[in-house]
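For reference, the structure discussed in these notes is given below.
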Amino acid sequence: MRFCLAVVLLAFASPVSAPVFAAEPAPGSAAAAAREHQLWIDEHARWNAEHLAAARRLEAIAAALRSHATSFDRYGDVLRAHERRFAKEGHVAPVRAAHARLLASHKAARAAHDRVMRETDDLERTMAADFAKADFLPK
């Protein structure tokens, strides 16, 4: 206990210099403008890196959309198998039951497809409106 108390007392007794921070430049000064400009340059560099990372992510998404190894594509296989079964067996009870089960699956597939299309449209509009034009460039 005495040792802990001694450490605490020594800590308070030792001169500790406060961290030195650079003074903020005066608002409206050349130094403030230069500092702000450097912040913009740094932020733009970060944006560029993020855009390149986004492009890599979008390339992976595009590859997945082109792939036939997704559950969406396997769902298409199930639909075609159901069609073949219906043609072979007719509208018998087991086929009708499978058809009813596929109805819920089809609604989920439609919702997933519609969401991908909406998100794609939104990204396309954003790119056309915000990045293809030079609206944010100084006039």
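Each chain in the structure tokens gets a letter, A, B and so on, in the order shown; residues start at 1 in every chain, and ligands are counted from 1 in the order they appear.
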
### Task
Enumerate, as a ChimeraX atom specification, the complete set of residues in chain A that a backbone-based DSSP assignment places in alpha helix (DSSP H).
/A:2-13,30-66,71-89,93-126

### Task
Show which residues sit within 10 Å of region 73-89 of chain A, as a ChimeraX atom specification. Count only C-alpha atoms, and ignore same-chain residues fewer than 4 positions away.
/A:65,67-69,93-96,98-99,102,105-106,109

May I have the selected residues written with N, CA, C and O atoms, as an mmCIF file, in the first residue's frame?
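Below is the file that was written, again.cif:
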```cif
data_model
loop_
_atom_site.group_PDB
_atom_site.id
_atom_site.type_symbol
_atom_site.label_atom_id
_atom_site.label_comp_id
_atom_site.auth_asym_id
_atom_site.auth_seq_id
_atom_site.Cartn_x
_atom_site.Cartn_y
_atom_site.Cartn_z
ATOM 1 N N LEU A 65 -22.828 -11.326 -60.662
ATOM 2 C CA LEU A 65 -24.022 -11.236 -61.521
ATOM 3 C C LEU A 65 -23.855 -12.052 -62.799
ATOM 4 O O LEU A 65 -24.824 -12.612 -63.306
ATOM 5 N N SER A 67 -21.983 -14.733 -62.999
ATOM 6 C CA SER A 67 -21.752 -16.125 -62.614
ATOM 7 C C SER A 67 -23.052 -16.917 -62.620
ATOM 8 O O SER A 67 -24.138 -16.377 -62.450
ATOM 9 N N HIS A 68 -22.909 -18.205 -62.799
ATOM 10 C CA HIS A 68 -24.074 -19.088 -62.717
ATOM 11 C C HIS A 68 -23.983 -19.960 -61.478
ATOM 12 O O HIS A 68 -24.533 -21.054 -61.440
ATOM 13 N N ALA A 69 -23.283 -19.481 -60.473
ATOM 14 C CA ALA A 69 -23.100 -20.256 -59.246
ATOM 15 C C ALA A 69 -23.824 -19.613 -58.068
ATOM 16 O O ALA A 69 -23.488 -19.857 -56.925
ATOM 17 N N ALA A 93 -51.514 -33.857 -57.713
ATOM 18 C CA ALA A 93 -51.377 -33.253 -56.382
ATOM 19 C C ALA A 93 -49.926 -32.932 -55.995
ATOM 20 O O ALA A 93 -49.653 -31.823 -55.514
ATOM 21 N N PRO A 94 -48.960 -33.857 -56.175
ATOM 22 C CA PRO A 94 -47.584 -33.508 -55.781
ATOM 23 C C PRO A 94 -47.017 -32.325 -56.576
ATOM 24 O O PRO A 94 -46.291 -31.492 -56.035
ATOM 25 N N VAL A 95 -47.378 -32.238 -57.836
ATOM 26 C CA VAL A 95 -46.892 -31.127 -58.668
ATOM 27 C C VAL A 95 -47.561 -29.833 -58.237
ATOM 28 O O VAL A 95 -46.918 -28.776 -58.157
ATOM 29 N N ARG A 96 -48.855 -29.908 -57.910
ATOM 30 C CA ARG A 96 -49.566 -28.723 -57.421
ATOM 31 C C ARG A 96 -48.956 -28.244 -56.100
ATOM 32 O O ARG A 96 -48.796 -27.043 -55.879
ATOM 33 N N ALA A 98 -45.831 -28.695 -55.084
ATOM 34 C CA ALA A 98 -44.533 -28.092 -55.396
ATOM 35 C C ALA A 98 -44.733 -26.703 -55.990
ATOM 36 O O ALA A 98 -43.981 -25.766 -55.687
ATOM 37 N N HIS A 99 -45.764 -26.559 -56.809
ATOM 38 C CA HIS A 99 -46.068 -25.275 -57.431
ATOM 39 C C HIS A 99 -46.405 -24.239 -56.356
ATOM 40 O O HIS A 99 -45.927 -23.093 -56.422
ATOM 41 N N LEU A 102 -43.275 -23.129 -54.665
ATOM 42 C CA LEU A 102 -42.479 -22.258 -55.526
ATOM 43 C C LEU A 102 -43.018 -20.827 -55.566
ATOM 44 O O LEU A 102 -42.264 -19.892 -55.817
ATOM 45 N N SER A 105 -41.158 -18.828 -53.027
ATOM 46 C CA SER A 105 -39.785 -18.667 -53.498
ATOM 47 C C SER A 105 -39.708 -17.643 -54.618
ATOM 48 O O SER A 105 -38.771 -16.838 -54.686
ATOM 49 N N HIS A 106 -40.704 -17.677 -55.497
ATOM 50 C CA HIS A 106 -40.698 -16.762 -56.620
ATOM 51 C C HIS A 106 -40.888 -15.315 -56.155
ATOM 52 O O HIS A 106 -40.246 -14.398 -56.675
ATOM 53 N N ALA A 109 -37.542 -14.244 -54.860
ATOM 54 C CA ALA A 109 -36.612 -14.020 -55.963
ATOM 55 C C ALA A 109 -36.936 -12.710 -56.677
ATOM 56 O O ALA A 109 -36.033 -11.943 -57.034
#
```

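Our summary of the geometry notes that CA of Ile61 (chain A) is positioned 12.9 Å from CA of Met117 (chain A).
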
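Across the structure, CA of Met127 (chain A) and CA of Arg57 (chain A) are spaced 15.6 Å apart.
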